[in-house]
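Student: Next comes the structure file input-v8.cif, holding mmCIF, C-alpha atoms.
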```cif
data_run
#
loop_
_atom_site.label_atom_id
_atom_site.label_comp_id
_atom_site.auth_asym_id
_atom_site.auth_seq_id
_atom_site.Cartn_x
_atom_site.Cartn_y
_atom_site.Cartn_z
CA MET A 1 -0.66 -11.20 12.77
CA LEU A 2 -4.26 -12.39 12.71
CA SER A 3 -4.46 -11.49 9.02
CA LEU A 4 -1.43 -13.68 8.27
CA LEU A 5 -2.97 -16.54 10.25
CA LEU A 6 -6.22 -16.23 8.32
CA LEU A 7 -4.29 -16.19 5.06
CA GLY A 8 -2.46 -19.35 6.09
CA VAL A 9 -5.77 -21.08 6.81
CA ALA A 10 -7.19 -19.87 3.49
CA LEU A 11 -4.20 -21.25 1.61
CA ARG A 12 -4.35 -24.53 3.48
CA LEU A 13 -8.05 -25.04 2.78
CA GLY A 14 -8.04 -23.65 -0.76
CA TRP A 15 -10.52 -20.87 0.00
CA LEU A 16 -8.95 -18.45 -2.49
CA GLY A 17 -9.66 -20.64 -5.48
CA ALA A 18 -7.75 -22.13 -8.37
CA ASP A 19 -4.71 -20.75 -10.16
CA VAL A 20 -6.03 -18.70 -13.09
CA GLY A 21 -2.77 -16.89 -13.80
CA ARG A 22 -3.37 -13.67 -11.85
CA GLY A 23 -0.01 -12.04 -11.32
CA ALA A 24 1.60 -13.87 -14.24
CA GLU A 25 2.62 -10.48 -15.63
CA PHE A 26 4.97 -10.05 -12.68
CA CYS A 27 7.58 -12.35 -14.16
CA GLU A 28 8.11 -15.02 -11.49
CA ALA A 29 7.50 -18.53 -12.82
CA PRO A 30 4.85 -20.56 -10.95
CA HIS A 31 6.25 -23.10 -8.47
CA PRO A 32 4.62 -26.25 -7.12
CA GLY A 33 3.45 -26.13 -3.52
CA ALA A 34 1.63 -23.63 -1.35
CA LEU A 35 3.35 -20.51 -2.74
CA ARG A 36 3.03 -20.24 -6.50
CA GLN A 37 5.34 -17.21 -6.60
CA PRO A 38 7.60 -17.57 -3.53
CA ALA A 39 9.73 -14.41 -3.88
CA ASN A 40 6.81 -12.17 -4.76
CA THR A 41 4.79 -13.68 -1.90
CA GLN A 42 7.38 -13.55 0.88
CA SER A 43 8.55 -10.02 0.06
CA ASN A 44 5.14 -8.78 1.22
CA LEU A 45 6.30 -9.31 4.78
CA GLY A 46 7.90 -5.90 4.25
CA PHE A 47 4.43 -4.33 4.52
CA VAL A 48 3.74 -6.20 7.73
CA LEU A 49 6.99 -4.95 9.23
CA ALA A 50 6.33 -1.40 8.01
CA GLY A 51 2.86 -1.44 9.55
CA LEU A 52 4.21 -2.75 12.84
CA ALA A 53 6.85 0.00 12.80
CA VAL A 54 4.10 2.59 12.28
CA GLY A 55 2.16 1.09 15.18
CA TRP A 56 5.21 1.18 17.43
CA TYR A 57 6.05 4.78 16.58
CA ALA A 58 2.39 5.79 16.97
CA GLY A 59 2.71 5.06 20.68
CA ARG A 60 5.35 7.77 21.08
CA PRO A 61 4.52 11.46 21.63
CA ARG A 62 5.97 12.33 18.23
CA GLY A 63 3.96 9.64 16.48
CA ARG A 64 0.48 11.17 16.52
CA LEU A 65 -1.44 12.21 13.43
CA ALA A 66 -3.93 15.05 13.03
CA ARG A 67 -6.90 13.09 14.40
CA ARG A 68 -7.22 10.53 17.16
CA GLY A 69 -6.79 6.94 16.16
CA LEU A 70 -5.55 7.59 12.63
CA ALA A 71 -1.96 6.53 13.23
CA THR A 72 -3.17 3.15 14.45
CA THR A 73 -5.65 2.92 11.57
CA TYR A 74 -2.91 3.62 9.04
CA ALA A 75 -0.71 0.97 10.68
CA VAL A 76 -3.49 -1.59 10.15
CA VAL A 77 -3.97 -0.51 6.52
CA VAL A 78 -0.25 -0.91 5.80
CA VAL A 79 -0.12 -4.32 7.50
CA LEU A 80 -3.08 -5.49 5.38
CA LEU A 81 -1.13 -4.71 2.22
CA GLY A 82 1.04 -7.73 3.09
CA PRO A 83 -1.52 -10.56 3.24
CA GLY A 84 -3.60 -8.85 0.55
CA SER A 85 -0.78 -9.04 -1.97
CA MET A 86 0.33 -12.45 -0.68
CA ALA A 87 -3.13 -13.79 -1.49
CA MET A 88 -2.56 -13.14 -5.18
CA HIS A 89 1.09 -14.14 -5.51
CA ALA A 90 0.70 -17.29 -3.42
CA THR A 91 -2.29 -18.59 -5.39
CA ARG A 92 -2.51 -16.61 -8.64
CA SER A 93 -6.28 -16.93 -8.11
CA GLU A 94 -8.99 -14.48 -9.14
CA LEU A 95 -10.05 -13.81 -5.54
CA GLY A 96 -6.40 -13.38 -4.54
CA GLY A 97 -6.04 -10.75 -7.25
CA ARG A 98 -9.10 -8.91 -5.98
CA LEU A 99 -7.74 -8.88 -2.42
CA ASP A 100 -4.40 -7.59 -3.68
CA GLN A 101 -6.02 -4.65 -5.43
CA LEU A 102 -8.35 -3.93 -2.52
CA SER A 103 -5.38 -3.56 -0.19
CA MET A 104 -3.76 -1.17 -2.69
CA TYR A 105 -6.92 0.94 -2.89
CA LEU A 106 -7.09 1.13 0.89
CA VAL A 107 -3.61 2.57 1.38
CA ALA A 108 -3.80 5.00 -1.56
CA GLY A 109 -7.33 6.00 -0.58
CA PHE A 110 -6.20 6.62 3.00
CA ALA A 111 -3.44 8.94 1.74
CA VAL A 112 -5.95 10.98 -0.27
CA ALA A 113 -8.59 11.00 2.48
CA TYR A 114 -6.10 12.02 5.17
CA ALA A 115 -4.80 14.86 3.02
CA GLY A 116 -8.41 15.82 2.34
CA ILE A 117 -9.50 16.18 5.95
CA ARG A 118 -6.41 18.22 6.76
CA ALA A 119 -7.09 20.49 3.79
CA THR A 120 -10.73 21.01 4.80
CA GLY A 121 -10.45 20.82 8.57
CA ARG A 122 -12.93 17.95 8.73
CA GLY A 123 -12.88 14.95 11.06
CA VAL A 124 -12.62 11.19 11.10
CA VAL A 125 -16.17 10.59 9.86
CA THR A 126 -15.35 12.51 6.69
CA LEU A 127 -12.18 10.45 6.26
CA VAL A 128 -14.10 7.18 6.60
CA VAL A 129 -16.79 8.26 4.12
CA LEU A 130 -14.22 9.54 1.63
CA LEU A 131 -12.06 6.44 2.00
CA GLY A 132 -15.05 4.16 1.43
CA ALA A 133 -16.09 6.13 -1.65
CA LEU A 134 -12.58 6.05 -3.12
CA VAL A 135 -12.19 2.32 -2.57
CA ALA A 136 -15.60 1.65 -4.15
CA LEU A 137 -14.74 3.88 -7.11
CA CYS A 138 -11.39 2.18 -7.66
CA ASP A 139 -12.99 -1.25 -7.41
CA THR A 140 -15.54 -0.25 -10.06
CA ILE A 141 -12.81 1.10 -12.33
CA GLY A 142 -10.73 -2.03 -11.75
CA ARG A 143 -13.48 -4.15 -13.28
CA ALA A 144 -13.25 -2.22 -16.56
CA GLY A 145 -10.58 -4.53 -17.95
CA SER A 146 -6.95 -4.42 -18.99
CA LEU A 147 -4.87 -1.44 -20.07
CA PRO A 148 -1.44 -1.24 -21.72
CA VAL A 149 1.62 -0.66 -19.50
CA VAL A 150 -0.27 -0.72 -16.16
CA ASN A 151 -1.96 -4.11 -16.90
CA ASN A 152 -5.44 -3.16 -15.71
CA ALA A 153 -7.63 -0.17 -14.95
CA GLY A 154 -7.37 -0.80 -11.20
CA ASN A 155 -3.63 -0.16 -11.25
CA ALA A 156 -4.30 3.07 -13.14
CA ALA A 157 -6.81 4.14 -10.49
CA PHE A 158 -4.26 3.37 -7.77
CA GLY A 159 -1.69 5.53 -9.55
CA VAL A 160 -4.14 8.41 -9.92
CA LEU A 161 -4.89 8.31 -6.20
CA LEU A 162 -1.18 8.56 -5.42
CA VAL A 163 -0.80 11.55 -7.73
CA VAL A 164 -3.80 13.26 -6.11
CA ALA A 165 -2.37 12.61 -2.63
CA VAL A 166 0.99 14.11 -3.61
CA ALA A 167 -0.70 17.16 -5.15
CA VAL A 168 -2.80 17.85 -2.05
CA GLU A 169 0.20 17.29 0.23
CA ALA A 170 2.21 19.82 -1.81
CA ARG A 171 -0.57 22.37 -1.43
CA LEU A 172 -0.84 21.69 2.29
CA ARG A 173 2.89 22.11 2.69
CA GLY A 174 2.73 25.56 1.16
CA SER A 175 0.11 26.71 3.68
CA ALA A 176 1.14 24.68 6.74
CA GLY A 177 2.12 26.38 9.95
CA ARG A 178 4.50 23.51 10.59
CA PRO A 179 5.61 21.83 7.33
CA GLY A 180 6.68 18.21 7.59
CA ASP A 181 10.26 17.01 7.49
CA LEU A 182 11.54 17.00 3.89
CA VAL A 183 13.74 13.99 4.64
CA TRP A 184 10.69 11.80 5.16
CA ILE A 185 8.63 13.01 2.21
CA GLY A 186 11.75 12.83 0.06
CA GLY A 187 12.28 9.26 1.22
CA ALA A 188 8.66 8.36 0.46
CA LEU A 189 8.72 9.85 -3.03
CA GLY A 190 12.22 8.58 -3.83
CA ALA A 191 11.41 5.02 -2.79
CA MET A 192 8.18 5.11 -4.80
CA VAL A 193 9.89 6.40 -7.95
CA VAL A 194 12.57 3.69 -7.79
CA ALA A 195 9.84 1.14 -7.05
CA LEU A 196 7.84 2.20 -10.12
CA VAL A 197 10.90 1.99 -12.35
CA THR A 198 11.68 -1.47 -10.97
CA TRP A 199 8.05 -2.54 -11.41
CA THR A 200 8.14 -1.47 -15.06
CA LEU A 201 11.49 -3.03 -15.92
CA SER A 202 10.82 -6.34 -14.19
CA ARG A 203 7.43 -7.22 -15.68
CA THR A 204 7.15 -10.35 -17.81
CA GLY A 205 9.15 -9.82 -20.99
CA ALA A 206 10.88 -6.67 -19.69
CA PRO A 207 14.69 -6.36 -19.49
CA LEU A 208 15.01 -7.24 -15.78
CA CYS A 209 12.66 -10.23 -15.88
CA ASP A 210 14.18 -13.60 -14.99
CA PRO A 211 11.30 -15.95 -14.17
CA ASP A 212 13.49 -18.42 -12.28
CA ALA A 213 15.58 -15.95 -10.26
CA TRP A 214 15.46 -16.10 -6.48
CA VAL A 215 15.34 -12.29 -6.33
CA GLN A 216 12.47 -10.85 -8.33
CA GLY A 217 12.08 -7.23 -9.40
CA HIS A 218 8.46 -7.27 -8.29
CA ALA A 219 9.60 -8.41 -4.85
CA VAL A 220 11.88 -5.35 -4.76
CA TRP A 221 8.82 -3.25 -5.66
CA HIS A 222 7.05 -4.63 -2.59
CA LEU A 223 9.93 -3.80 -0.27
CA LEU A 224 10.43 -0.29 -1.66
CA THR A 225 6.72 0.56 -1.45
CA ALA A 226 6.74 -0.66 2.16
CA VAL A 227 9.58 1.78 2.85
CA SER A 228 7.60 4.51 1.09
CA ALA A 229 4.49 3.81 3.19
CA TYR A 230 6.50 4.10 6.40
CA CYS A 231 8.28 7.29 5.30
CA LEU A 232 4.94 8.86 4.39
CA TYR A 233 3.63 8.22 7.89
CA ARG A 234 6.75 9.74 9.45
CA TYR A 235 6.28 12.81 7.26
CA TRP A 236 2.69 13.17 8.44
CA ALA A 237 3.78 12.78 12.06
CA SER A 238 6.58 15.34 11.66
CA ALA A 239 4.06 17.92 10.42
CA GLN A 240 1.89 17.86 13.54
CA GLU A 241 1.97 20.65 16.07
CA PRO A 242 3.02 19.72 19.63
CA ALA A 243 -0.56 20.21 20.89
CA GLU A 244 -1.85 17.79 18.27
CA ARG A 245 0.78 15.23 19.20
CA ALA A 246 -0.41 15.30 22.78
CA LEU A 247 -3.84 13.96 21.84
CA PRO A 248 -4.39 10.35 22.93
CA ASP A 249 -4.34 7.98 19.96
CA THR A 250 -7.44 5.89 20.70
#
```
As structure tokens, how would this structure be written, given the file I've shared?
Tutor:
Amino acid sequence: MLSLLLLGVALRLGWLGADVGRGAEFCEAPHPGALRQPANTQSNLGFVLAGLAVGWYAGRPRGRLARRGLATTYAVVVVLLGPGSMAMHATRSELGGRLDQLSMYLVAGFAVAYAGIRATGRGVVTLVVLLGALVALCDTIGRAGSLPVVNNAGNAAFGVLLVVAVAVEARLRGSAGRPGDLVWIGGALGAMVVALVTWTLSRTGAPLCDPDAWVQGHAVWHLLTAVSAYCLYRYWASAQEPAERALPDT
């Protein structure tokens, strides 16, 4: 909730800068007032709720991940997706756009790094180093400019990270002593596929784009990706052995 409070202060004081049209490709027409894209901004509360749900479930015996503290860390990363994306859609500013992409890199990078330490048997330090390297790499790629279809190179980097995470998870599943629950990984992948289709069809100029509609396709993308993030965590938790679940999550 602190992140939402800080965002509110930043919006109130104009810290994020002027409207330069960031996020204009996501259809919703700019509105007067504090929230330039109200539907696309408010739908990011889905990430906050998903992160809080992860945090709540992390306190249960079945909610642990493979290393101490990682369930709570992932909960924080998912929560930060909310205000990060809100920063762009509320202001359409350059800094808001950077914060939006940074939050995306964090969650996708976490998915790759977490799969990586489970595949190699390494610990939290390795995850932190790998996560930092992936975020820095994505940020560098994101500065390369625009690309067709995905809008910019940063979105492409985000997509590549997701593909890598899925590939490593598939390999881990084949060699796992206790494979995760297919319902949860199916939910994560299914929600993401529908979200990607919605994202594509609701961009500015696409068939589902209605700039003045109260319900925006990009807002649906936010909600579906929040569902996917939660389902992914539940899949990870379902794959842990009972002894691993007993570890204190500190």
Student: With only C-alpha atoms as the basis for distance, which of A:Gly97, A:Pro38, A:Gly123, A:Gly46 is at the shortest distance from Arg68 in chain A?
Tutor: A:Gly123
Student: Check which residues satisfy the PyMOL selection byres ((chain A and resi 158-173) around 9) in the file shown, then give them as a ChimeraX atom specification.
Tutor: /A:101,104-105,108-109,111-116,118-119,134,138,153-157,174-180,189,239
Student: Counting all atoms listed in the file, figure out which residue out of A:His218, A:Arg98, A:Arg12, A:Arg143 gets nearest to Arg203 in chain A.
Tutor: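 Between A:His218, A:Arg98, A:Arg12, A:Arg143, the residue approaching Arg203 in chain A most closely is A:His218.
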Student: For range 16-31 of chain A, find every residue with an atom within 7 Å (counting all atoms listed in the file), except residues of its own chain fewer than 2 positions away, and show them as a PyMOL selection string.
Tutor: chain A and resi 10-11+14+33+35-37+88-89+91-97+202-204+209-212+216+218
Student: Rank nothing, just name the residue among A:Ala226, A:Ala237, A:Ala71, A:Val128 nearest to Ser43 in chain A, using only C-alpha atoms.
Tutor: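 Result for the nearest residue to Ser43 in chain A: A:Ala226.
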Student: Run through the PyMOL selection byres ((chain A and resi 228) around 6) on the given coordinates and return the selected residues as a ChimeraX atom specification.
Tutor: /A:188,191-192,225-227,229-231
Student: Have a look at A:Ile185, A:Leu7, A:Ala50, A:Leu2 and name the one nearest to Pro83 in chain A; count only C-alpha atoms.
Tutor: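 Under the stated criterion, the closest residue is A:Leu7.
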Student: Which of these, A:Val79, A:Val220, A:Val124, A:Val215, has the shortest distance to Ala66 in chain A once you count all atoms listed in the file?
Tutor: A:Val124
Student: Name the residues that the PyMOL selection byres ((chain A and resi 73) around 12) pulls out of this structure, and write them as number ranges by chain.
Tutor: A: 51-52, 54-55, 58, 64-65, 67-72, 74-80, 106-107, 110-111, 114, 124, 127-128, 233, 249-250
Student: Which residue, A:Gly132, A:Pro207, A:Gly121, A:Gly82, has the smallest gap to Leu49 in chain A when you use all atoms listed in the file?
Tutor: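 Result for the nearest residue to Leu49 in chain A: A:Gly82.
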Student: Quick one, how far is CA of Trp56 in chain A from CA of Gln240 in chain A?
Tutor: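 Between CA of Trp56 in chain A and CA of Gln240 in chain A the gap works out to 17.4 Å.
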Student: To box range 31-40 of chain A, take all atoms listed in the file, fit an axis-aligned box, add 5 Å on each side, and give centre and edge lengths in Å to one decimal, as AutoDock Vina command-line options.
Tutor:
```
--center_x 5.7 --center_y -19.2 --center_z -4.9 --size_x 18.1 --size_y 24.1 --size_z 17.1
```
Student: Find the distance between CA of Gly186 in chain A and CA of Arg234 in chain A and write it in Å to one decimal.
Tutor: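 That distance, rounded to one decimal, is 11.1 Å.
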Student: Can you tell me how far CA of Tyr235 in chain A sits from CA of Leu137 in chain A, in Å to one decimal?
Tutor: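 Value for the CA of Tyr235 in chain A-CA of Leu137 in chain A distance: 27.0 Å.
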